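These notes concern the structure reproduced below.
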Amino acid sequence: MNEKQSAHGLSQAQLDSFWMPYTGNRQFKQDPRIIVSAEGNYYTDADGRKIFDGLSGLWTCGAGHSRPEITEAVSKQIKQLDYSPSFQFGHPKAFELAHKITEFMPEGLNRVFFTGSGSESVETALKIARAYWRKKGMASKTRFIGRAKGYHGVNFGGLSVGGISANRTLYGQGIDAIHMPHTMIEENLFSVGMPQKGAYIADELESLIAIHDASNIAAVIVEPLAGSAGVIPPPQGYLKRLREICDKHNILLIFDEVITAFGRMGSKTGAEAFGVIPDLMTTAKQLTNGTVPMGAVIAKQEIYDTFMAEGGPEYMMEIPHGYTYSAHPVACAAALATLNLLQEDKLIERVNSISPHFQKLIHSLKGSQYVSDIRDYGLTGALTIAPAPGEPALRPYQIAMKCWEKGFYVRYGGDTIQLGLPFTTELNEIDNVINAVGDSINELS
Ligand code: PMP
């Protein structure tokens, strides 16, 4: 055992037992990076080093780690009601939270279905969309349209509408889905905030509908700002155009706001930031500040009413769908505390006040070697790193690891380095993390 391994105290057998998700297991287990605690904007690793959390967990912990407002609500709840079935029974916090969530939603989105994660939210939204058309007597509307570079979680529905090939190729046939092109075009390189050009890319949706026919299409699903593929803000006018085309052809529009809902865009949702209202919205992550797994799908009332309209015996369920952990009381307590905290500490306003500094600094990395694009919106941003020959992910991986050595956690994904700062970040911490990224890139050569 080298010094680092002995610091974390884990045996090789323990390390080997855990098949880690989205991780190069073989590399990790030779040189583990173990996080033992977190507070505010920092982790502490097994060596006692403080690490700045440059991705707010996985875009989850915008309010900072271990907020007493949330941890106390969670511990109180777990003692009072640790679990409650949410099939045929309810507990007060589930209803309180559903109503609270609607305070964060744009006009008309006011019916909330609880899930346990972002992936489950996506599956739920896709199922609601298909079932909705069936209830309306249009059972042939089953196909989905996603987008290249889209990320919608790891279950088969989300994988099928998703557009990141590295996540799909191992798994073979999914559900019936086709894809629009992404919006990253040459003219938009180094755009600051929303790119100006590219609204016309939405017209590709018209072409797909012409080929596949609207009578076969249930819904279009996009992240309003694509996160996992490397922070791709929508071109101005693009989402509005998608909305118009969906309306024209009677196709539902789903926004996957697992990253963008609850503050990260400097607004309550991406829908609010970009001024376009979807029919269904998927959320998770920031909903509980990452503390307890939970997701939620928020539907337009007309969709909910369509399910409720049908008569039937009193025991009949309008939608045979739900999870053992839907509306888990501990998750509900965490989410209520989180949403109250966002409001009381004015954290969304804070995102707005500090994001111009973040924007200025991240774009100051333009001109660094290997940096072939920079994108940002709100408190999230990414750099595209020119690939080493045949190794698209090697340099981003090396940059992220150098940042970790310097005491900064940032994410590498595909050919990008991604940042998603806590809403509680101080201006000098923005300077520090951007300097660390810049220095790490310089050290590559
Ligand atoms: N949709 C989007 C837009 C996401 O960013 C993610 C997670 N990164 C998911 C879905 C899946 O969420 P989870 O990992 O909680 O299943």
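Numbering starts fresh at 1 for the residues of each chain in the structure tokens, the chains themselves are lettered A, B, ... in the order given, and ligands are numbered from 1 as they appear.
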Problem - Test item: residues at most 9 Å from Leu109 in chain A, only C-alpha atoms, excluding those fewer than 3 positions along its chain, as a list in words - result: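 Near neighbours after the sequence-gap exclusion: Thr102, Met105, Pro106, Val112, Ile277, Pro278, Asp279, Leu280, Met281, Ile298, Ala299, Lys300 and Gln301 of chain A.
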Practice task
Would you mind listing what lies within 8 Å of Asn250 in chain A as a list of chain:residue names, with only C-alpha atoms counted and same-chain residues fewer than 3 positions away left out?
Solution key: A:Ala214, A:Cys246, A:Asp247
Handout entry: Nearest candidate to Ser119 in chain A (options A:His152, A:Lys285, A:Lys136, A:Lys402; using only C-alpha atoms)
Key =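 Looking at the shortest contact to Ser119 in chain A, the residue is A:His152.
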Please, which residues have at least one atom within 6 Å of an atom of ligand 1, using only C-alpha atoms and all ligand atoms, listed as a PDB file with N, CA and C atoms, in the first residue's frame?
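Wrote selection35.pdb, looks like this:
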```pdb
ATOM      1  N   SER A 117     -35.294   9.602  -9.058  1.00  0.00           N
ATOM      2  CA  SER A 117     -34.066  10.066  -9.725  1.00  0.00           C
ATOM      3  C   SER A 117     -34.419  10.752 -11.038  1.00  0.00           C
ATOM      4  N   GLY A 118     -33.401  11.313 -11.665  1.00  0.00           N
ATOM      5  CA  GLY A 118     -33.602  11.917 -12.974  1.00  0.00           C
ATOM      6  C   GLY A 118     -34.001  10.885 -14.019  1.00  0.00           C
ATOM      7  N   SER A 119     -33.330   9.734 -14.002  1.00  0.00           N
ATOM      8  CA  SER A 119     -33.653   8.691 -14.990  1.00  0.00           C
ATOM      9  C   SER A 119     -35.103   8.242 -14.828  1.00  0.00           C
ATOM     10  N   TYR A 151     -28.767  14.071 -23.035  1.00  0.00           N
ATOM     11  CA  TYR A 151     -28.591  13.078 -21.962  1.00  0.00           C
ATOM     12  C   TYR A 151     -29.883  13.026 -21.161  1.00  0.00           C
ATOM     13  N   HIS A 152     -30.460  11.843 -21.108  1.00  0.00           N
ATOM     14  CA  HIS A 152     -31.731  11.705 -20.391  1.00  0.00           C
ATOM     15  C   HIS A 152     -31.687  10.515 -19.443  1.00  0.00           C
ATOM     16  N   GLY A 153     -30.533  10.270 -18.863  1.00  0.00           N
ATOM     17  CA  GLY A 153     -30.416   9.196 -17.885  1.00  0.00           C
ATOM     18  C   GLY A 153     -30.118   7.869 -18.534  1.00  0.00           C
ATOM     19  N   GLU A 223     -33.176  18.692 -23.373  1.00  0.00           N
ATOM     20  CA  GLU A 223     -32.740  19.504 -22.239  1.00  0.00           C
ATOM     21  C   GLU A 223     -32.739  20.937 -22.772  1.00  0.00           C
ATOM     22  N   GLY A 227     -26.680  19.490 -20.636  1.00  0.00           N
ATOM     23  CA  GLY A 227     -25.662  19.542 -19.593  1.00  0.00           C
ATOM     24  C   GLY A 227     -24.535  18.553 -19.792  1.00  0.00           C
ATOM     25  N   SER A 228     -24.881  17.270 -19.755  1.00  0.00           N
ATOM     26  CA  SER A 228     -23.841  16.241 -19.697  1.00  0.00           C
ATOM     27  C   SER A 228     -22.936  16.217 -20.923  1.00  0.00           C
ATOM     28  N   ASP A 256     -36.337  18.251 -20.271  1.00  0.00           N
ATOM     29  CA  ASP A 256     -35.619  17.524 -19.232  1.00  0.00           C
ATOM     30  C   ASP A 256     -34.786  18.554 -18.469  1.00  0.00           C
ATOM     31  N   GLU A 257     -35.304  18.936 -17.312  1.00  0.00           N
ATOM     32  CA  GLU A 257     -34.676  20.004 -16.501  1.00  0.00           C
ATOM     33  C   GLU A 257     -34.024  19.429 -15.248  1.00  0.00           C
ATOM     34  N   VAL A 258     -33.503  18.207 -15.390  1.00  0.00           N
ATOM     35  CA  VAL A 258     -32.854  17.578 -14.234  1.00  0.00           C
ATOM     36  C   VAL A 258     -31.680  18.442 -13.748  1.00  0.00           C
ATOM     37  N   ILE A 259     -30.995  19.117 -14.655  1.00  0.00           N
ATOM     38  CA  ILE A 259     -29.909  20.024 -14.249  1.00  0.00           C
ATOM     39  C   ILE A 259     -30.409  21.467 -14.102  1.00  0.00           C
TER      40      ILE A 259
END
```
Problem - Length of the CA of Met401 in chain A to CA of Lys29 in chain A vector [Å] - result: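 So the answer is 14.7 Å.
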Handout entry: Interatomic distance (Å, one decimal) between CA of Ile164 in chain A and CA of Tyr200 in chain A
Key =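 If I compute the distance from CA of Ile164 in chain A to CA of Tyr200 in chain A, I get 22.2 Å.
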Exercise for the section: Would you please work out which residue, of A:Val297, A:Val292, A:Ala73, A:Ala261, is nearest to Tyr325 in chain A when using only C-alpha atoms? Expected result: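 Using only C-alpha atoms, the shortest distance to Tyr325 in chain A belongs to A:Val292.
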Exercise for the section: From a DSSP calculation on the backbone, collect every residue of range 131-203 of chain A in strand (DSSP E) and output the set as a list of chain:residue names. Expected result: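 Filtering range 131-203 of chain A to strand (DSSP E) leaves A:Arg143, A:Phe144, A:Ile145, A:Gly146, A:Arg147, A:Ala177, A:Ile178, A:His179, A:Met180.
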Exercise for the section: Can you work out which one of A:Ile362, A:Ile417, A:Leu225, A:Leu159 has the shortest atom-to-atom distance to Leu55 in chain A, counting only C-alpha atoms? Expected result: A:Ile417
Tell me which protein, DNA and RNA residues are within 10 Å of Tyr397 in chain A, counting only C-alpha atoms, leaving out same-chain ones fewer than 2 positions away, and put them as a PDB file with C-alpha atoms, in the first residue's frame.
```pdb
ATOM      1  CA  PRO A 392     -10.909  12.326 -27.351  1.00  0.00           C
ATOM      2  CA  ALA A 393     -11.304  12.004 -23.569  1.00  0.00           C
ATOM      3  CA  LEU A 394      -7.649  11.777 -22.528  1.00  0.00           C
ATOM      4  CA  ARG A 395      -6.833  15.474 -22.200  1.00  0.00           C
ATOM      5  CA  ILE A 399      -7.061  18.256 -16.802  1.00  0.00           C
ATOM      6  CA  ALA A 400      -9.727  17.132 -14.308  1.00  0.00           C
ATOM      7  CA  MET A 401      -7.163  15.018 -12.439  1.00  0.00           C
ATOM      8  CA  LYS A 402      -4.667  17.900 -12.296  1.00  0.00           C
ATOM      9  CA  CYS A 403      -7.442  20.119 -10.898  1.00  0.00           C
ATOM     10  CA  VAL A 410     -14.349  19.687 -11.954  1.00  0.00           C
ATOM     11  CA  ARG A 411     -15.875  17.130 -14.288  1.00  0.00           C
ATOM     12  CA  TYR A 412     -14.583  15.735 -17.534  1.00  0.00           C
ATOM     13  CA  GLY A 413     -17.157  14.352 -19.926  1.00  0.00           C
ATOM     14  CA  GLY A 414     -16.364  13.303 -23.498  1.00  0.00           C
ATOM     15  CA  ASP A 415     -14.146  16.023 -24.951  1.00  0.00           C
ATOM     16  CA  THR A 416     -15.171  18.630 -22.380  1.00  0.00           C
ATOM     17  CA  ILE A 417     -14.355  20.037 -18.950  1.00  0.00           C
TER      18      ILE A 417
END
```
Problem - Option closest in space to Ser445 in chain A, from A:Ala46, A:Ala388, A:Val222, A:Leu427 [counting only C-alpha atoms] - result: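 Using only C-alpha atoms, the shortest distance to Ser445 in chain A belongs to A:Ala388.
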Exercise for the section: Just list the residues in range 98-298 of chain A DSSP gives alpha helix (DSSP H) on the backbone, as number ranges by chain. Expected result: A: 98-103, 118-135, 156-161, 165-168, 204-212, 238-249, 270-274
Using only C-alpha atoms, please write the residues we just selected to a file, as a CSV table (one decimal), in the first residue's frame.
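Wrote again_22.csv, looks like this:
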```csv
chain,number,residue,atom,x,y,z
A,98,ALA,CA,-46.0,19.0,-4.6
A,99,HIS,CA,-47.7,22.4,-4.0
A,100,LYS,CA,-44.4,24.0,-3.1
A,101,ILE,CA,-42.8,22.8,-6.4
A,102,THR,CA,-45.6,24.5,-8.4
A,103,GLU,CA,-44.3,27.8,-6.9
A,118,GLY,CA,-33.6,11.9,-13.0
A,119,SER,CA,-33.7,8.7,-15.0
A,120,GLU,CA,-36.9,7.7,-13.4
A,121,SER,CA,-38.4,11.1,-14.1
A,122,VAL,CA,-37.5,10.7,-17.7
A,123,GLU,CA,-39.1,7.2,-18.0
A,124,THR,CA,-42.2,8.6,-16.2
A,125,ALA,CA,-42.5,11.5,-18.6
A,126,LEU,CA,-42.2,9.3,-21.6
A,127,LYS,CA,-44.8,6.9,-20.3
A,128,ILE,CA,-47.2,9.7,-19.4
A,129,ALA,CA,-46.8,11.0,-23.0
A,130,ARG,CA,-47.6,7.7,-24.6
A,131,ALA,CA,-50.5,7.0,-22.2
A,132,TYR,CA,-51.9,10.5,-22.7
A,133,TRP,CA,-52.3,10.0,-26.5
A,134,ARG,CA,-53.8,6.6,-25.9
A,135,LYS,CA,-56.3,8.1,-23.5
A,156,PHE,CA,-33.9,2.2,-21.6
A,157,GLY,CA,-36.4,5.0,-22.5
A,158,GLY,CA,-33.9,7.8,-21.6
A,159,LEU,CA,-31.1,5.9,-23.3
A,160,SER,CA,-33.1,5.6,-26.4
A,161,VAL,CA,-34.0,9.3,-26.6
A,165,SER,CA,-23.3,7.5,-28.5
A,166,ALA,CA,-20.7,6.3,-25.9
A,167,ASN,CA,-23.6,5.7,-23.5
A,168,ARG,CA,-25.7,3.7,-26.0
A,204,GLU,CA,-35.0,19.9,-38.7
A,205,LEU,CA,-37.9,18.8,-36.5
A,206,GLU,CA,-40.3,19.7,-39.3
A,207,SER,CA,-38.2,17.4,-41.7
A,208,LEU,CA,-38.4,14.5,-39.2
A,209,ILE,CA,-42.1,15.0,-38.7
A,210,ALA,CA,-42.6,15.0,-42.5
A,211,ILE,CA,-40.8,11.6,-42.8
A,212,HIS,CA,-42.3,9.9,-39.7
A,238,TYR,CA,-34.5,27.9,-31.0
A,239,LEU,CA,-36.7,26.5,-28.2
A,240,LYS,CA,-39.6,28.9,-29.2
A,241,ARG,CA,-39.4,27.4,-32.7
A,242,LEU,CA,-39.5,23.8,-31.3
A,243,ARG,CA,-42.6,24.8,-29.2
A,244,GLU,CA,-44.3,26.2,-32.3
A,245,ILE,CA,-43.6,23.1,-34.4
A,246,CYS,CA,-44.8,20.8,-31.6
A,247,ASP,CA,-48.0,22.8,-31.3
A,248,LYS,CA,-48.6,22.8,-35.0
A,249,HIS,CA,-48.4,19.0,-35.2
A,270,GLY,CA,-34.8,26.7,-17.8
A,271,ALA,CA,-38.3,27.2,-19.1
A,272,GLU,CA,-38.4,30.5,-17.3
A,273,ALA,CA,-34.9,31.5,-18.3
A,274,PHE,CA,-35.6,30.8,-22.0
```
Problem - Using only C-alpha atoms: which of A:Lys76, A:Pro224, A:Tyr409, A:Leu287 has the shortest distance to Gly275 in chain A - result: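 Answer, going by the shortest atom-to-atom distance: A:Pro224.
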